[in-house]
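S.K.: Input: one structure, supplied below.
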Amino acid sequence: MKTQLTLKQLFTFLTIFTLSAVLSIEGSLAKKVVAITQITQHPSLDKIRAGVLHELAAFEKETGEKVEIVYDNAQGNIALSAQIAQRFAGLNPDAIVAITTPSAQSVLSAVKETDIPLVFSAVTDPVGAKLLKRVDLSTSKVTGTIDFPPVDAQIALIKNLIPNLKNLGVIYNPGEVNSINQVKALDELATKMGITLQLAPADSSNKVRSVAESLVGKVEAIYIPNDNAVVSGLDGVLKVSYENKIPIFTSDGESVERGALAALANNQYEVGRDTGGLVVQLLSGQNVAQVAPIISNIPELTLNIKTAKKIHIAIPDGIIKKATKALE
């Protein structure tokens, strides 16, 4: 009798253990996985990623489902970006978030033979980058958040702050399609306003300072588009700005916080939240084709009053009052 009881207890234990193991495996399988790739690391892109994570955390809290985040950034290296994309595709996640155009292009190439959805973020021209066929329609594989700066309002701001503007320097990476398209739009508007663009290409962050120095004496202001290489090398541009009293206008507010004069641009954290919202729709069961892209179009004005004083630029009170942020 004692032996039978022991066997019965053992059988019960094994049954419970097996059931627990099965539940554990099922729970593991049920976990959502989202991979996030970023072309480089700078405050603007980091805020986008933070916005994405905010929405995924809210999804976890609301549903009780666990979302595992896998993250890597390519440190500005396109070849490394492609390697990261291939590695992420091999993980077969529920979605891959690609922050910036170069990262999105790398991911699209890596997932083309899979069913893994791509959600891009901070892409200025998804059609030109061959991510979408139309900005208002997702594909069976791709959706995302479009962040094309309000170029017309940006150049109007520059003209208001620099009334004598005749020559505007533009530092950009010709290897980034996002920058090329933004420069084209800027050139069309500048021509109509009698402003000549002095284009200054820099294909890596290491060259940005020397390129900025080449503009000294030729321009009244410098404009930086949504360009990852140039923003990564912004410190070099700022040194040239301070030494030569040349105002720097950017396409992200974070660069103004670092020391540029002004930016009229979308809030990058909110761009990230929009992107995260798209991912949540996919995690909730919707197909990519049902999840339309979002066009971010709520620009915020960020001014650096301290920089203005340093480079002897007077900002009218009327413009300061319109600023979302006026940094002293």
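Going by the structure tokens order, chains are called A, B, ..., each with residues numbered from 1, while ligands are numbered from 1 in the order shown.
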Using only C-alpha atoms, determine which residues lie at most 6 Å from range 215-232 of chain A, disregarding the query and same-chain residues fewer than 2 positions distant; provide the list as a PDB file with N, CA and C atoms, in the first residue's frame.
M.R.:
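See out00.pdb below for the written result:
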ATOM      1  N   LEU A 165      19.224  87.452 -46.122  1.00  0.00           N
ATOM      2  CA  LEU A 165      19.631  86.146 -46.646  1.00  0.00           C
ATOM      3  C   LEU A 165      19.642  86.135 -48.174  1.00  0.00           C
ATOM      4  N   ASN A 167      22.404  83.829 -49.656  1.00  0.00           N
ATOM      5  CA  ASN A 167      23.065  82.545 -49.884  1.00  0.00           C
ATOM      6  C   ASN A 167      22.881  81.649 -48.664  1.00  0.00           C
ATOM      7  N   LEU A 168      22.293  80.502 -48.884  1.00  0.00           N
ATOM      8  CA  LEU A 168      22.017  79.560 -47.798  1.00  0.00           C
ATOM      9  C   LEU A 168      22.831  78.289 -48.009  1.00  0.00           C
ATOM     10  N   GLY A 169      23.709  78.000 -47.070  1.00  0.00           N
ATOM     11  CA  GLY A 169      24.484  76.769 -47.148  1.00  0.00           C
ATOM     12  C   GLY A 169      23.647  75.572 -46.732  1.00  0.00           C
ATOM     13  N   VAL A 170      23.815  74.469 -47.423  1.00  0.00           N
ATOM     14  CA  VAL A 170      23.082  73.241 -47.102  1.00  0.00           C
ATOM     15  C   VAL A 170      24.084  72.099 -46.990  1.00  0.00           C
ATOM     16  N   ILE A 171      24.231  71.564 -45.793  1.00  0.00           N
ATOM     17  CA  ILE A 171      25.132  70.430 -45.579  1.00  0.00           C
ATOM     18  C   ILE A 171      24.287  69.162 -45.571  1.00  0.00           C
ATOM     19  N   SER A 179      17.722  62.926 -47.680  1.00  0.00           N
ATOM     20  CA  SER A 179      18.327  64.256 -47.754  1.00  0.00           C
ATOM     21  C   SER A 179      18.220  64.832 -49.161  1.00  0.00           C
ATOM     22  N   SER A 204      30.012  61.482 -44.668  1.00  0.00           N
ATOM     23  CA  SER A 204      30.194  60.842 -43.360  1.00  0.00           C
ATOM     24  C   SER A 204      30.248  61.920 -42.289  1.00  0.00           C
ATOM     25  N   SER A 205      29.964  61.525 -41.064  1.00  0.00           N
ATOM     26  CA  SER A 205      29.958  62.493 -39.959  1.00  0.00           C
ATOM     27  C   SER A 205      31.344  63.080 -39.714  1.00  0.00           C
ATOM     28  N   ALA A 212      31.531  72.308 -43.300  1.00  0.00           N
ATOM     29  CA  ALA A 212      30.969  73.545 -42.743  1.00  0.00           C
ATOM     30  C   ALA A 212      31.964  74.695 -42.878  1.00  0.00           C
ATOM     31  N   GLU A 213      33.227  74.407 -42.635  1.00  0.00           N
ATOM     32  CA  GLU A 213      34.260  75.442 -42.746  1.00  0.00           C
ATOM     33  C   GLU A 213      34.374  75.966 -44.177  1.00  0.00           C
ATOM     34  N   LEU A 234      27.060  66.985 -35.819  1.00  0.00           N
ATOM     35  CA  LEU A 234      26.592  68.353 -35.568  1.00  0.00           C
ATOM     36  C   LEU A 234      27.551  69.179 -34.722  1.00  0.00           C
ATOM     37  N   ILE A 246      27.679  82.243 -37.671  1.00  0.00           N
ATOM     38  CA  ILE A 246      26.784  81.784 -38.737  1.00  0.00           C
ATOM     39  C   ILE A 246      25.630  81.011 -38.102  1.00  0.00           C
ATOM     40  N   PRO A 247      24.391  81.431 -38.287  1.00  0.00           N
ATOM     41  CA  PRO A 247      23.255  80.711 -37.697  1.00  0.00           C
ATOM     42  C   PRO A 247      23.017  79.358 -38.371  1.00  0.00           C
ATOM     43  N   ILE A 248      22.679  78.375 -37.548  1.00  0.00           N
ATOM     44  CA  ILE A 248      22.401  77.024 -38.038  1.00  0.00           C
ATOM     45  C   ILE A 248      20.921  76.721 -37.841  1.00  0.00           C
ATOM     46  N   PHE A 249      20.258  76.328 -38.913  1.00  0.00           N
ATOM     47  CA  PHE A 249      18.855  75.923 -38.868  1.00  0.00           C
ATOM     48  C   PHE A 249      18.775  74.429 -39.166  1.00  0.00           C
ATOM     49  N   THR A 250      18.023  73.707 -38.354  1.00  0.00           N
ATOM     50  CA  THR A 250      17.960  72.255 -38.511  1.00  0.00           C
ATOM     51  C   THR A 250      16.525  71.782 -38.726  1.00  0.00           C
ATOM     52  N   SER A 251      16.400  70.489 -38.967  1.00  0.00           N
ATOM     53  CA  SER A 251      15.082  69.892 -39.204  1.00  0.00           C
ATOM     54  C   SER A 251      14.637  69.010 -38.053  1.00  0.00           C
TER      55      SER A 251
END
S.K.: Neighbours of Tyr242 in chain A within 10 Å (only C-alpha atoms; same-chain residues fewer than 4 positions away dropped), as a PyMOL selection string?
M.R.: chain A and resi 237-238+246-248+259-260+307-308+310-312
S.K.: For a test of reading the model, state the distance in Å between CA of Val123 in chain A and CA of Ile195 in chain A, rounded to one decimal.
M.R.: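 About the pair CA of Val123 in chain A and CA of Ile195 in chain A: they are 26.7 Å apart.
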S.K.: Can you tell me, as a list in words, which residues in range 124-164 of chain A count as helix (DSSP H, G or I) by DSSP?
M.R.: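 After running DSSP on the backbone, range 124-164 of chain A has helix (DSSP H, G or I) at Val151, Asp152, Ala153, Gln154, Ile155, Ala156, Leu157, Ile158, Lys159, Asn160 and Leu161 of chain A.
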S.K.: Selected residues, N, CA and C atoms, written as an mmCIF file, in the first residue's frame, please.
M.R.:
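Result went into result-v3.cif, see below:
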data_model
loop_
_atom_site.group_PDB
_atom_site.id
_atom_site.type_symbol
_atom_site.label_atom_id
_atom_site.label_comp_id
_atom_site.auth_asym_id
_atom_site.auth_seq_id
_atom_site.Cartn_x
_atom_site.Cartn_y
_atom_site.Cartn_z
ATOM 1 N N VAL A 151 9.209 72.231 -45.377
ATOM 2 C CA VAL A 151 10.306 73.006 -45.971
ATOM 3 C C VAL A 151 9.902 74.448 -46.269
ATOM 4 N N ASP A 152 8.679 74.652 -46.754
ATOM 5 C CA ASP A 152 8.240 76.017 -47.071
ATOM 6 C C ASP A 152 8.215 76.901 -45.826
ATOM 7 N N ALA A 153 7.704 76.347 -44.724
ATOM 8 C CA ALA A 153 7.669 77.117 -43.475
ATOM 9 C C ALA A 153 9.073 77.289 -42.898
ATOM 10 N N GLN A 154 9.934 76.299 -43.109
ATOM 11 C CA GLN A 154 11.305 76.401 -42.614
ATOM 12 C C GLN A 154 12.056 77.550 -43.286
ATOM 13 N N ILE A 155 11.941 77.623 -44.601
ATOM 14 C CA ILE A 155 12.686 78.671 -45.304
ATOM 15 C C ILE A 155 12.090 80.050 -45.013
ATOM 16 N N ALA A 156 10.788 80.096 -44.762
ATOM 17 C CA ALA A 156 10.162 81.369 -44.362
ATOM 18 C C ALA A 156 10.699 81.813 -43.005
ATOM 19 N N LEU A 157 10.887 80.848 -42.090
ATOM 20 C CA LEU A 157 11.456 81.156 -40.775
ATOM 21 C C LEU A 157 12.875 81.696 -40.916
ATOM 22 N N ILE A 158 13.669 81.042 -41.742
ATOM 23 C CA ILE A 158 15.050 81.490 -41.943
ATOM 24 C C ILE A 158 15.078 82.920 -42.483
ATOM 25 N N LYS A 159 14.208 83.189 -43.434
ATOM 26 C CA LYS A 159 14.148 84.521 -44.041
ATOM 27 C C LYS A 159 13.703 85.575 -43.025
ATOM 28 N N ASN A 160 12.793 85.191 -42.135
ATOM 29 C CA ASN A 160 12.333 86.131 -41.101
ATOM 30 C C ASN A 160 13.440 86.474 -40.113
ATOM 31 N N LEU A 161 14.252 85.480 -39.779
ATOM 32 C CA LEU A 161 15.322 85.707 -38.806
ATOM 33 C C LEU A 161 16.577 86.289 -39.446
#
S.K.: Under the rule that only C-alpha atoms are counted, which of A:Thr145, A:Ser138, A:Ser44, A:Gln290 is the nearest residue to Glu254 in chain A?
M.R.: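 Closest to Glu254 in chain A, using only C-alpha atoms: A:Ser44.
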S.K.: Just the number, please: distance in Å from CA of Asp252 in chain A to CA of Tyr172 in chain A, one decimal.
M.R.: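 One can read the CA of Asp252 in chain A to CA of Tyr172 in chain A distance as 14.2 Å.
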S.K.: Nearest to Ala89 in chain A: which of A:Asn164, A:Ser210, A:Ser103, A:Ser109 is it, counting only C-alpha atoms?
M.R.: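 Smallest separation from Ala89 in chain A among the options: A:Ser109.
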S.K.: With distances taken over only C-alpha atoms, which residue among A:Leu261, A:Val288, A:Ile116, A:Ile319 lies nearest Ile305 in chain A?
M.R.: A:Leu261
S.K.: Need the shell around range 276-281 of chain A: protein/DNA/RNA residues with any atom at most 10 Å away, counting only C-alpha atoms. Skip same-chain ones fewer than 3 positions apart. Format as a ChimeraX atom specification?
M.R.: /A:34,48-60,94-97,117-121,143-145,270-273,284-288,290-294
S.K.: Find the residue from A:Thr302, A:Thr100, A:Gln105, A:Gly90 that sits nearest to Leu45 in chain A; use only C-alpha atoms when measuring.
M.R.: A:Thr100
S.K.: Given only C-alpha atoms as the basis, pick out the residue of A:Ile295, A:Gly236, A:Gly175, A:Ala98 nearest to Asp203 in chain A.
M.R.: A:Gly175
S.K.: Could you tell me, as a ChimeraX atom specification, which residues of range 134-317 of chain A DSSP assigns to strand (DSSP E) when given the backbone?
M.R.: /A:142-146,167-172,196-201,221-223,248-250,262-266,294-295,299-304
S.K.: Hey, which of A:Ser106, A:Phe148, A:Ile36, A:Lys47 ends up closest to Asp72 in chain A? Count only C-alpha atoms.
M.R.: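 That would be A:Ile36, the residue with the smallest distance to Asp72 in chain A.
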S.K.: Leaving out Thr124 in chain A and any residue of its chain fewer than 2 positions from it, which residues lie within 7 Å of it when counting only C-alpha atoms, given as a list in words?
M.R.: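 Residues meeting the cut-off are Ala122, Pro126, Ile146, Asp147, Phe148 and Asn178 of chain A.
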